[in-house]
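S.K.: Sending over entry09.csv (CSV, C-alpha atoms).
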chain,number,residue,atom,x,y,z
A,20,MET,CA,0.0,0.0,0.0
A,21,ARG,CA,2.9,2.3,0.9
A,22,THR,CA,4.5,1.4,-2.5
A,23,ASN,CA,1.3,2.4,-4.3
A,24,ALA,CA,1.1,5.7,-2.4
A,25,SER,CA,4.7,6.4,-3.2
A,26,ARG,CA,4.2,5.6,-6.8
A,27,SER,CA,1.1,7.9,-6.9
A,28,ASP,CA,3.1,10.7,-5.2
A,29,GLY,CA,5.9,10.2,-7.8
A,30,MET,CA,3.5,10.4,-10.7
A,31,SER,CA,1.8,13.5,-9.3
A,32,ARG,CA,5.3,15.2,-8.8
A,33,LEU,CA,6.2,14.4,-12.4
A,34,ARG,CA,2.9,15.8,-13.7
A,35,ASN,CA,3.5,19.0,-11.7
A,36,ILE,CA,7.0,19.3,-13.1
A,37,ASP,CA,5.7,18.9,-16.6
A,38,ALA,CA,3.0,21.5,-16.0
A,39,VAL,CA,5.4,24.0,-14.6
A,40,THR,CA,7.9,23.5,-17.5
A,41,ARG,CA,5.1,23.9,-20.0
A,42,HIS,CA,3.8,27.0,-18.3
A,43,GLY,CA,7.4,28.4,-18.5
A,44,GLY,CA,7.8,27.6,-22.2
A,45,ALA,CA,4.4,29.1,-22.9
A,46,GLN,CA,5.3,32.3,-21.0
A,47,LEU,CA,8.6,32.6,-22.9
A,48,LEU,CA,6.9,32.4,-26.3
A,49,LEU,CA,3.9,34.5,-25.4
A,50,TRP,CA,5.9,37.3,-23.8
A,51,SER,CA,8.1,37.3,-26.9
A,52,ALA,CA,5.2,37.5,-29.3
A,53,PHE,CA,2.7,39.7,-27.6
A,54,TYR,CA,5.0,42.2,-25.7
A,55,TYR,CA,8.7,42.3,-26.5
A,56,GLN,CA,8.1,42.0,-30.3
A,57,LEU,CA,6.4,45.4,-30.3
A,58,PRO,CA,9.4,47.6,-29.2
A,59,ALA,CA,11.7,45.4,-31.3
A,60,LEU,CA,9.5,46.1,-34.4
A,61,LEU,CA,9.4,49.9,-33.9
A,62,PRO,CA,12.5,50.7,-35.9
A,63,LEU,CA,11.4,48.5,-38.8
A,64,MET,CA,7.9,50.1,-38.8
A,65,ARG,CA,9.3,53.6,-38.7
A,66,ASP,CA,11.6,52.9,-41.6
A,67,ALA,CA,8.5,51.6,-43.5
A,68,GLY,CA,6.9,55.1,-43.1
A,69,LEU,CA,4.6,54.4,-40.1
A,70,SER,CA,4.1,57.1,-37.4
A,71,LEU,CA,6.4,56.4,-34.5
A,72,ASN,CA,4.2,58.5,-32.1
A,73,GLY,CA,1.1,56.7,-33.2
A,74,LEU,CA,2.7,53.3,-32.6
A,75,THR,CA,4.2,54.1,-29.2
A,76,GLY,CA,0.9,55.7,-28.2
A,77,ALA,CA,-0.9,52.5,-29.2
A,78,ILE,CA,1.5,50.3,-27.2
A,79,THR,CA,0.9,52.5,-24.1
A,80,ILE,CA,-2.9,52.2,-24.5
A,81,ALA,CA,-2.5,48.4,-25.0
A,82,VAL,CA,-0.7,48.2,-21.6
A,83,LEU,CA,-3.6,50.2,-20.1
A,84,VAL,CA,-6.1,47.8,-21.6
A,85,TRP,CA,-4.0,44.9,-20.2
A,86,ALA,CA,-4.0,46.6,-16.7
A,87,ALA,CA,-7.8,47.2,-16.8
A,88,LEU,CA,-8.6,43.6,-17.8
A,89,ILE,CA,-6.4,41.6,-15.4
A,90,PRO,CA,-8.9,41.5,-12.5
A,91,VAL,CA,-11.5,40.2,-15.0
A,92,GLY,CA,-9.1,37.4,-15.9
A,93,GLY,CA,-8.4,36.8,-12.2
A,94,ARG,CA,-12.1,36.2,-11.6
A,95,LEU,CA,-12.1,33.6,-14.4
A,96,VAL,CA,-9.2,31.9,-12.7
A,97,ASP,CA,-11.0,31.8,-9.4
A,98,LYS,CA,-13.9,30.1,-11.1
A,99,GLY,CA,-11.7,27.4,-12.5
A,100,HIS,CA,-11.6,28.7,-16.1
A,101,GLY,CA,-8.0,30.0,-16.1
A,102,ILE,CA,-6.5,27.6,-18.6
A,103,ALA,CA,-9.4,28.0,-21.0
A,104,MET,CA,-9.1,31.8,-20.7
A,105,MET,CA,-5.3,31.6,-21.5
A,106,ARG,CA,-5.8,29.4,-24.5
A,107,ILE,CA,-8.7,31.5,-26.0
A,108,GLY,CA,-6.8,34.7,-25.2
A,109,GLY,CA,-3.7,33.4,-26.8
A,110,ALA,CA,-5.6,32.3,-29.9
A,111,LEU,CA,-7.1,35.8,-30.1
A,112,GLY,CA,-3.5,37.2,-30.0
A,113,VAL,CA,-2.4,35.0,-32.9
A,114,GLY,CA,-5.4,36.2,-34.9
A,115,LEU,CA,-4.6,39.9,-34.1
A,116,MET,CA,-1.0,39.4,-35.2
A,117,VAL,CA,-2.0,38.0,-38.5
A,118,LEU,CA,-4.5,40.9,-38.9
A,119,MET,CA,-1.6,43.4,-38.2
A,120,THR,CA,0.0,42.3,-41.5
A,121,VAL,CA,-3.1,43.0,-43.7
A,122,VAL,CA,-4.9,46.0,-42.3
A,123,PRO,CA,-4.3,49.5,-43.7
A,124,HIS,CA,-1.6,51.5,-41.9
A,125,GLY,CA,-4.1,53.8,-40.4
A,126,ALA,CA,-5.9,50.9,-38.6
A,127,LEU,CA,-2.7,49.3,-37.3
A,128,PRO,CA,-2.6,51.2,-34.0
A,129,LEU,CA,-6.1,49.9,-33.2
A,130,VAL,CA,-5.0,46.3,-33.7
A,131,ILE,CA,-2.0,46.9,-31.4
A,132,VAL,CA,-4.3,48.4,-28.8
A,133,ALA,CA,-6.4,45.2,-29.0
A,134,LEU,CA,-3.3,43.1,-28.2
A,135,GLY,CA,-3.9,44.3,-24.6
A,136,VAL,CA,-6.6,41.7,-24.3
A,137,PRO,CA,-4.4,38.6,-25.0
A,138,MET,CA,-1.7,40.2,-22.8
A,139,ALA,CA,-4.2,40.3,-19.9
A,140,ALA,CA,-5.4,36.8,-20.6
A,141,THR,CA,-1.9,35.1,-20.9
A,142,LEU,CA,1.0,37.0,-19.4
A,143,TYR,CA,2.3,36.1,-16.0
A,144,ASP,CA,-0.5,37.0,-13.6
A,145,PRO,CA,-3.1,34.5,-14.7
A,146,CYS,CA,-0.4,31.9,-14.9
A,147,PHE,CA,0.8,32.8,-11.3
A,148,ALA,CA,-2.8,32.7,-10.0
A,149,ILE,CA,-3.3,29.2,-11.5
A,150,MET,CA,-0.1,27.9,-9.9
A,151,LEU,CA,-1.0,29.5,-6.5
A,152,ARG,CA,-4.4,27.9,-6.7
A,153,THR,CA,-3.0,24.5,-7.6
A,154,THR,CA,0.0,24.5,-5.2
A,155,GLY,CA,-1.0,26.9,-2.5
A,156,LEU,CA,1.7,28.7,-0.5
A,157,ASP,CA,4.4,26.2,-1.8
A,158,ALA,CA,4.3,27.8,-5.3
A,159,SER,CA,7.6,29.7,-4.8
A,160,ARG,CA,9.7,27.2,-6.7
A,161,ALA,CA,7.2,26.8,-9.5
A,162,ILE,CA,6.8,30.5,-10.1
A,163,THR,CA,10.6,31.0,-9.9
A,164,THR,CA,11.0,28.3,-12.5
A,165,VAL,CA,8.5,29.9,-14.8
A,166,THR,CA,10.1,33.3,-14.6
A,167,LEU,CA,13.5,31.9,-15.1
A,168,ILE,CA,12.4,30.4,-18.4
A,169,ALA,CA,10.3,33.4,-19.5
A,170,GLY,CA,13.2,35.7,-18.5
A,171,LEU,CA,14.9,34.6,-21.7
A,172,ALA,CA,12.2,36.4,-23.8
A,173,THR,CA,14.3,39.4,-24.6
A,174,LEU,CA,17.2,37.3,-25.6
A,175,LEU,CA,14.9,35.4,-28.0
A,176,THR,CA,13.0,38.3,-29.4
A,177,PHE,CA,15.4,41.1,-30.3
A,178,PRO,CA,18.0,38.9,-32.1
A,179,LEU,CA,15.3,37.0,-33.9
A,180,VAL,CA,13.6,40.2,-35.1
A,181,MET,CA,16.9,41.4,-36.5
A,182,LEU,CA,17.6,38.1,-38.2
A,183,VAL,CA,14.1,37.7,-39.8
A,184,ALA,CA,14.2,41.4,-40.9
A,185,THR,CA,17.2,40.6,-43.1
A,186,ILE,CA,14.9,38.4,-45.2
A,187,TRP,CA,11.4,39.8,-45.0
A,188,PRO,CA,9.8,43.2,-44.2
A,189,TRP,CA,8.2,43.8,-40.8
A,190,GLN,CA,5.0,42.0,-41.8
A,191,GLY,CA,7.0,38.8,-42.3
A,192,VAL,CA,8.5,39.3,-38.8
A,193,VAL,CA,5.0,39.6,-37.3
A,194,LEU,CA,3.9,36.3,-39.0
A,195,VAL,CA,7.0,34.5,-37.6
A,196,PHE,CA,6.0,35.7,-34.1
A,197,ALA,CA,2.4,34.7,-34.7
A,198,ALA,CA,3.7,31.2,-35.3
A,199,ILE,CA,5.7,31.5,-32.1
A,200,ALA,CA,2.5,32.6,-30.2
A,201,PHE,CA,0.7,29.6,-31.6
A,202,LEU,CA,3.4,27.3,-30.2
A,203,GLY,CA,3.0,29.1,-26.9
A,204,VAL,CA,-0.7,28.5,-26.8
A,205,ALA,CA,-0.1,24.8,-27.7
A,206,SER,CA,2.3,24.6,-24.8
A,207,ILE,CA,-0.2,25.6,-22.1
A,208,PRO,CA,-0.9,22.5,-20.0
A,209,ASP,CA,-4.4,21.0,-19.7
A,210,SER,CA,-7.0,22.3,-17.2
A,211,ARG,CA,-7.3,19.1,-15.1
A,212,ASN,CA,-5.5,20.5,-12.0
A,213,ASP,CA,-6.9,24.0,-12.6
A,214,LYS,CA,-10.4,22.8,-12.1
A,215,ALA,CA,-9.7,20.0,-9.6
A,216,LEU,CA,-8.1,22.4,-7.1
A,217,ALA,CA,-10.3,25.4,-7.6
A,218,ARG,CA,-12.1,25.0,-4.3
A,219,VAL,CA,-10.5,26.4,-1.2
A,220,ASP,CA,-11.4,26.0,2.5
A,221,VAL,CA,-11.0,29.4,4.1
A,222,SER,CA,-13.3,28.8,7.0
A,223,SER,CA,-10.5,29.2,9.5
A,224,ALA,CA,-9.6,32.7,8.4
A,225,VAL,CA,-12.1,35.1,6.8
A,226,ARG,CA,-11.3,38.8,6.7
A,227,PRO,CA,-13.9,41.5,6.0
A,228,PRO,CA,-13.8,43.1,2.6
A,229,HIS,CA,-12.4,46.4,3.9
A,230,ARG,CA,-9.4,44.6,5.4
A,231,THR,CA,-8.8,42.8,2.1
A,232,LYS,CA,-8.9,46.2,0.2
A,233,ILE,CA,-6.3,47.6,2.6
A,234,ASN,CA,-4.0,44.6,2.2
A,235,VAL,CA,-4.3,44.9,-1.6
A,236,ALA,CA,-3.3,48.5,-1.4
A,237,LEU,CA,-0.4,47.7,1.0
A,238,ILE,CA,0.9,45.2,-1.5
A,239,ALA,CA,0.1,47.0,-4.7
A,240,VAL,CA,1.6,50.4,-3.8
A,241,PRO,CA,5.2,49.4,-2.9
A,242,PHE,CA,5.4,46.8,-5.7
A,243,GLY,CA,3.9,49.2,-8.2
A,244,LEU,CA,6.3,52.0,-7.2
A,245,ALA,CA,9.2,49.6,-7.9
A,246,MET,CA,7.7,48.9,-11.3
A,247,PHE,CA,7.5,52.7,-11.9
A,248,SER,CA,11.1,53.2,-11.0
A,249,HIS,CA,12.3,50.2,-13.1
A,250,SER,CA,10.3,51.3,-16.2
A,251,ALA,CA,11.7,54.9,-15.9
A,252,LEU,CA,15.2,53.6,-15.7
A,253,LEU,CA,14.7,51.2,-18.7
A,254,PHE,CA,13.3,53.9,-21.0
A,255,LEU,CA,15.1,57.1,-19.8
A,256,LEU,CA,18.5,56.3,-18.3
A,257,PRO,CA,20.4,56.1,-21.6
A,258,LEU,CA,18.9,59.5,-22.7
A,259,ALA,CA,19.6,61.0,-19.3
A,260,LEU,CA,23.3,59.8,-19.4
A,261,LEU,CA,23.7,61.3,-22.8
A,262,GLN,CA,22.4,64.6,-21.4
A,263,VAL,CA,25.2,64.5,-18.8
A,264,SER,CA,27.9,63.9,-21.5
A,265,GLY,CA,27.8,63.2,-25.2
A,266,GLU,CA,30.7,60.8,-24.5
A,267,ASN,CA,28.4,58.4,-22.7
A,268,GLY,CA,27.4,56.6,-25.9
A,269,TRP,CA,28.0,53.3,-24.1
A,270,ALA,CA,24.8,54.0,-22.1
A,271,LEU,CA,22.7,52.9,-25.1
A,272,TYR,CA,23.9,49.4,-24.7
A,273,LEU,CA,24.1,48.8,-20.9
A,274,PRO,CA,20.3,48.4,-20.4
A,275,ALA,CA,20.6,45.1,-22.3
A,276,ILE,CA,22.1,43.7,-19.1
A,277,LEU,CA,18.8,44.0,-17.2
A,278,GLY,CA,17.3,40.8,-18.7
A,279,PRO,CA,20.2,38.5,-17.8
A,280,ALA,CA,20.4,40.2,-14.4
A,281,GLN,CA,16.8,39.4,-13.7
A,282,ILE,CA,17.5,35.7,-14.4
A,283,ALA,CA,20.5,35.8,-12.0
A,284,GLY,CA,18.3,37.4,-9.3
A,285,ARG,CA,15.7,34.7,-9.7
A,286,MET,CA,18.3,31.9,-9.5
A,287,LEU,CA,19.6,33.5,-6.3
A,288,TRP,CA,16.1,33.7,-4.9
A,289,ARG,CA,15.5,30.0,-5.8
A,290,GLN,CA,18.4,29.1,-3.5
A,291,MET,CA,17.2,31.4,-0.7
A,292,ALA,CA,13.4,30.8,-0.9
A,293,PRO,CA,13.3,27.7,1.3
A,294,ARG,CA,14.8,29.7,4.2
A,295,SER,CA,12.9,32.9,3.6
A,296,GLU,CA,9.4,34.3,4.4
A,297,PRO,CA,8.0,36.3,1.4
A,298,ARG,CA,6.9,39.4,3.4
A,299,GLY,CA,10.3,39.7,5.2
A,300,ALA,CA,12.2,39.1,2.0
A,301,ALA,CA,10.1,41.8,0.3
A,302,ARG,CA,11.1,44.4,2.9
A,303,VAL,CA,14.8,43.5,2.4
A,304,MET,CA,14.3,43.8,-1.3
A,305,PHE,CA,12.8,47.3,-1.0
A,306,VAL,CA,15.8,48.4,1.1
A,307,LEU,CA,18.2,47.2,-1.6
A,308,PHE,CA,16.2,49.0,-4.3
A,309,LEU,CA,17.7,52.2,-2.8
A,310,LEU,CA,21.2,51.1,-4.0
A,311,PRO,CA,20.8,51.6,-7.8
A,312,PRO,CA,19.8,55.3,-7.7
A,313,LEU,CA,22.4,56.0,-5.0
A,314,VAL,CA,25.1,54.5,-7.3
A,315,LEU,CA,23.8,56.4,-10.3
A,316,LEU,CA,24.0,59.7,-8.3
A,317,VAL,CA,27.6,59.0,-7.3
A,318,ALA,CA,28.9,57.7,-10.7
A,319,PRO,CA,26.8,59.2,-13.5
A,320,SER,CA,29.7,59.3,-16.0
A,321,HIS,CA,31.5,56.0,-15.4
A,322,TRP,CA,30.3,53.0,-17.2
A,323,MET,CA,31.3,50.6,-14.4
A,324,GLY,CA,29.2,52.4,-11.9
A,325,VAL,CA,26.2,52.5,-14.2
A,326,LEU,CA,26.7,48.8,-15.0
A,327,LEU,CA,26.8,47.9,-11.3
A,328,ALA,CA,23.6,49.9,-10.7
A,329,LEU,CA,21.8,48.1,-13.6
A,330,LEU,CA,23.0,44.7,-12.4
A,331,VAL,CA,21.6,45.3,-9.0
A,332,GLN,CA,18.4,46.8,-10.4
A,333,GLY,CA,17.8,43.9,-12.8
A,334,GLY,CA,18.6,41.3,-10.1
A,335,LEU,CA,16.2,42.9,-7.6
A,336,TYR,CA,13.5,43.3,-10.2
A,337,GLY,CA,13.8,39.6,-11.1
A,338,VAL,CA,13.1,38.8,-7.4
A,339,HIS,CA,10.3,41.4,-7.4
A,340,THR,CA,8.4,39.5,-10.1
A,341,VAL,CA,8.4,36.3,-8.0
A,342,LEU,CA,7.7,38.0,-4.6
A,343,ARG,CA,4.7,39.9,-5.6
A,344,PRO,CA,2.4,36.9,-6.1
A,345,LEU,CA,3.9,35.1,-3.1
A,346,VAL,CA,3.3,38.0,-0.8
A,347,ALA,CA,-0.3,38.3,-2.1
A,348,ALA,CA,-0.8,34.5,-1.5
A,349,ALA,CA,0.4,34.9,2.1
A,350,VAL,CA,-1.9,37.8,2.9
A,351,LEU,CA,-5.0,37.8,0.6
A,352,PRO,CA,-8.1,35.5,0.7
A,353,LYS,CA,-7.5,32.3,-1.2
A,354,SER,CA,-11.1,32.1,-2.4
A,355,SER,CA,-10.6,35.2,-4.6
A,356,LEU,CA,-6.8,35.1,-5.1
A,357,GLY,CA,-7.0,35.5,-8.9
A,358,GLN,CA,-9.1,38.6,-8.7
A,359,THR,CA,-7.1,40.3,-5.9
A,360,LEU,CA,-3.8,39.3,-7.5
A,361,GLY,CA,-5.1,40.9,-10.6
A,362,SER,CA,-5.9,44.1,-8.7
A,363,VAL,CA,-2.4,44.3,-7.4
A,364,ALA,CA,-1.0,43.8,-11.0
A,365,THR,CA,-3.3,46.4,-12.4
A,366,ILE,CA,-1.9,49.1,-10.1
A,367,GLY,CA,1.6,48.1,-11.0
A,368,LEU,CA,1.0,48.1,-14.7
A,369,LEU,CA,-0.6,51.5,-14.6
A,370,MET,CA,2.5,52.8,-12.8
A,371,MET,CA,4.7,51.1,-15.3
A,372,ALA,CA,2.8,52.6,-18.2
A,373,VAL,CA,3.0,56.2,-17.0
A,374,ALA,CA,6.6,56.1,-15.8
A,375,PRO,CA,8.3,57.0,-19.1
A,376,ALA,CA,6.1,60.0,-19.6
A,377,LEU,CA,6.3,61.4,-16.1
A,378,GLY,CA,10.0,60.6,-15.8
A,379,GLY,CA,10.5,62.4,-19.1
A,380,VAL,CA,8.9,65.5,-17.8
A,381,VAL,CA,11.1,65.4,-14.7
A,382,MET,CA,14.2,64.9,-16.8
A,383,GLN,CA,13.3,67.7,-19.2
A,384,ASN,CA,12.9,70.2,-16.3
A,385,LEU,CA,15.4,68.9,-13.7
A,386,GLY,CA,18.0,67.0,-15.7
A,387,TYR,CA,19.8,63.8,-14.9
A,388,GLN,CA,20.2,64.4,-11.1
A,389,GLY,CA,16.6,65.5,-10.8
A,390,LEU,CA,15.4,62.3,-12.4
A,391,ILE,CA,17.6,60.0,-10.3
A,392,VAL,CA,16.7,61.9,-7.0
A,393,SER,CA,13.0,61.5,-7.9
A,394,LEU,CA,13.4,57.8,-8.5
A,395,LEU,CA,15.3,57.5,-5.2
A,396,ALA,CA,12.3,59.3,-3.5
A,397,VAL,CA,9.9,56.8,-5.3
A,398,ASN,CA,11.9,53.8,-3.9
A,399,LEU,CA,12.0,55.4,-0.4
A,400,THR,CA,8.2,55.7,-0.5
A,401,ALA,CA,7.9,52.1,-1.6
A,402,LEU,CA,10.1,51.1,1.4
A,403,GLY,CA,8.1,53.2,3.8
A,404,VAL,CA,4.8,51.6,2.8
A,405,ALA,CA,6.3,48.1,2.9
A,406,VAL,CA,7.8,48.6,6.4
A,407,ILE,CA,5.0,50.6,8.0
A,408,GLY,CA,2.1,48.7,6.4
A,409,LYS,CA,0.9,45.9,8.6
A,410,PHE,CA,-0.6,42.8,6.9
A,411,GLU,CA,-3.2,40.7,8.5
A,412,SER,CA,-2.5,37.2,7.3
A,413,GLN,CA,-5.4,35.1,6.1
A,414,GLY,CA,-3.9,32.1,7.9
A,415,ARG,CA,-3.0,28.9,6.2
A,416,ALA,CA,-5.9,28.1,4.1
A,417,ARG,CA,-6.4,24.5,3.2
A,418,TRP,CA,-6.5,23.7,-0.5
A,419,THR,CA,-8.7,20.7,-1.1
A,420,GLN,CA,-9.4,18.2,-3.9
A,421,SER,CA,-12.9,18.4,-5.4
Would you write out, as structure tokens, the structure that this file holds?
M.R.:
Amino acid sequence: MRTNASRSDGMSRLRNIDAVTRHGGAQLLLWSAFYYQLPALLPLMRDAGLSLNGLTGAITIAVLVWAALIPVGGRLVDKGHGIAMMRIGGALGVGLMVLMTVVPHGALPLVIVALGVPMAATLYDPCFAIMLRTTGLDASRAITTVTLIAGLATLLTFPLVMLVATIWPWQGVVLVFAAIAFLGVASIPDSRNDKALARVDVSSAVRPPHRTKINVALIAVPFGLAMFSHSALLFLLPLALLQVSGENGWALYLPAILGPAQIAGRMLWRQMAPRSEPRGAARVMFVLFLLPPLVLLVAPSHWMGVLLALLVQGGLYGVHTVLRPLVAAAVLPKSSLGQTLGSVATIGLLMMAVAPALGGVVMQNLGYQGLIVSLLAVNLTALGVAVIGKFESQGRARWTQS
């Protein structure tokens, strides 16, 4: 009997490993196709005579659509329809990408805006919510594995866009990534576990709605402010460094290190996670987020200092992506985890979307130092909310088989 039980546990573990690996592969392909392809395509589209301002504006609105729809997707996850939503949303994205290649240029921004729908249905947050609902508070390793695989998206997207562009125009590039998105949709694992573990016993710890809303804000604000700061650095730091000195041309290349640094940060967290509590680790992370702007203030014209700042920033942001859903799972009600995790993500995405514009205004009026000091103030605010805010844990909810 013990042998049969051990064999059953082993099979279950193998199925879980397979599901996590497939989720990771799907996220890698879908992030590449639905998100990172867009900035990689901009130079090709501009050279083809398309309006750069119209395209960047459409991408910004697509992110806002993404942000607005994430809680809706979270509710579908809570009802056990997460996998179906991801597959339908992914298929919609494939269709929109094919449509991009045939519509008149004037209608192209509208199609790009519509890509916000498959982004909300497929990218990270619904995947995280599904894994948290199927593995409970032990999802740290699974989420870290998925983000490690998906963290390779920039390394896949930008070189592939440049390679395909040597053969075909931008429409051909889009069709190649439509095929990649199709493979991503096909990689999403089946919905058996998603539905089987959709019911949660929270009878031991039920918090009133107002307490849940407070906890959502206490999580969303500091993590969202970190997303604001990261987005501003990603988009504006090279331009700001060039303002300091025209000899800082190397600044245009250094942000490429952010992707590999995120992967390194997640690998480090994977080793530390078994000995760490998510909320305590998050507070330490927000303290360390003060280091990159401090280094940039001290060494604005030395490439080694800027490289160090970006390595730290990227590593911390990689951990940030993992800790956000884990902190939410430790604090928020399990019966509505998908929806509340979606609300947390919405606030972060809104901050990420407005960061380049607001940061640009600050940089234009206050210069490089004004921008970096402002980002330091943003990170200090995030730390203050994370340290002062007191979470009321929902307790250890029991996840039960239906």
S.K.: May I have the residues within 12 Å of A:Gln383 as JSON, numbers by chain, using only C-alpha atoms and disregarding those fewer than 6 positions away in the same chain?
M.R.: {"A": [255, 258, 259, 262, 375, 376, 377, 389, 390]}
S.K.: Could you tell me which of A:Leu345, A:Val39, A:Val363, A:Leu252 comes closest to A:Ala86 if we count only C-alpha atoms?
M.R.: A:Val363
S.K.: Quick one: pull the distance between atom CA of A:Leu356 and atom CA of A:Gly299, Å, one decimal.
M.R.: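 One can read the atom CA of A:Leu356 to atom CA of A:Gly299 distance as 20.5 Å.
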S.K.: Can you measure atom CA of A:Ala348 to atom CA of A:Leu330 for me? One decimal in Å is fine.
M.R.: 28.1 Å
S.K.: Would you mind listing what lies within 12 Å of A:Gly361 as number ranges by chain, with only C-alpha atoms counted and same-chain residues fewer than 5 positions away left out?
M.R.: A: 85-97, 139-140, 142-149, 235, 238-239, 343-344, 347-348, 351, 355-356, 366-368
S.K.: Figure out the distance between atom CA of A:Phe254 and atom CA of A:Ala374, please, to one decimal in Å.
M.R.: 8.8 Å
S.K.: Mind checking which residues fall within 7 Å of A:Gly324, counting only C-alpha atoms, ignoring those fewer than 5 positions away in the same chain, and posting them as number ranges by chain?
M.R.: A: 314-315, 318
S.K.: Hey, can you spit out that residue selection with C-alpha atoms as a short mmCIF file (atom, residue, chain, number, x, y, z; two decimals), in the coordinates of the input?
M.R.:
data_model
loop_
_atom_site.label_atom_id
_atom_site.label_comp_id
_atom_site.auth_asym_id
_atom_site.auth_seq_id
_atom_site.Cartn_x
_atom_site.Cartn_y
_atom_site.Cartn_z
CA VAL A 314 25.10 54.50 -7.30
CA LEU A 315 23.80 56.40 -10.30
CA ALA A 318 28.90 57.70 -10.70
#
S.K.: From the list A:Ile407, A:Met371, A:Leu273, A:Leu69, which residue is nearest A:Leu260 when using only C-alpha atoms?
M.R.: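 For A:Leu260, the nearest of the given residues is A:Leu273.
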S.K.: Can you pull out every residue within 12 Å of A:Ala67, counting all atoms listed in the file, but drop anything in the same chain fewer than 4 positions away, and send it as a PyMOL selection string?
M.R.: chain A and resi 60-63+71+124+184+188-190
S.K.: Would you mind telling me which residue in A:Ala59, A:Ala197, A:Ile162, A:Leu256 lies nearest to A:Met181 when using all atoms listed in the file?
M.R.: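 Closest residue, counting all atoms listed in the file: A:Ala59.
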S.K.: A:Leu385, A:Leu174, A:Val165, A:Leu394: which is nearest A:Pro279, counting all atoms listed in the file?
M.R.: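 Residue with the minimum atom-to-atom distance to A:Pro279: A:Leu174.
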S.K.: Kindly indicate which residue among A:Gly43, A:Ala283, A:Thr141, A:Ala372 lies nearest to A:Gly112, using all atoms listed in the file for the distances.
M.R.: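 Result for the nearest residue to A:Gly112: A:Thr141.
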S.K.: Taking (11.4, 59.8, -4.7) as a centre in this file's frame and 12 Å as the limit, can you find every polymer residue with an atom that close, using all atoms listed in the file, and give them as a PyMOL selection string?
M.R.: chain A and resi 244-245+247-248+308-309+312-313+378+381+388-403
S.K.: Can you pull out the residues contacting A:Val195? Cut-off 12 Å, using only C-alpha atoms, and skip same-chain residues under 5 positions away; I want them as a PyMOL selection string.
M.R.: chain A and resi 48+51-52+56+113+116-117+120+176+179-180+182-184+186-190+200-202
S.K.: Here is a test: counting all atoms listed in the file, which residue of A:Gln358, A:Ser70, A:Thr153, A:Thr185 is nearest to A:Pro128?
M.R.: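 Selected residue with least distance to A:Pro128: A:Ser70.
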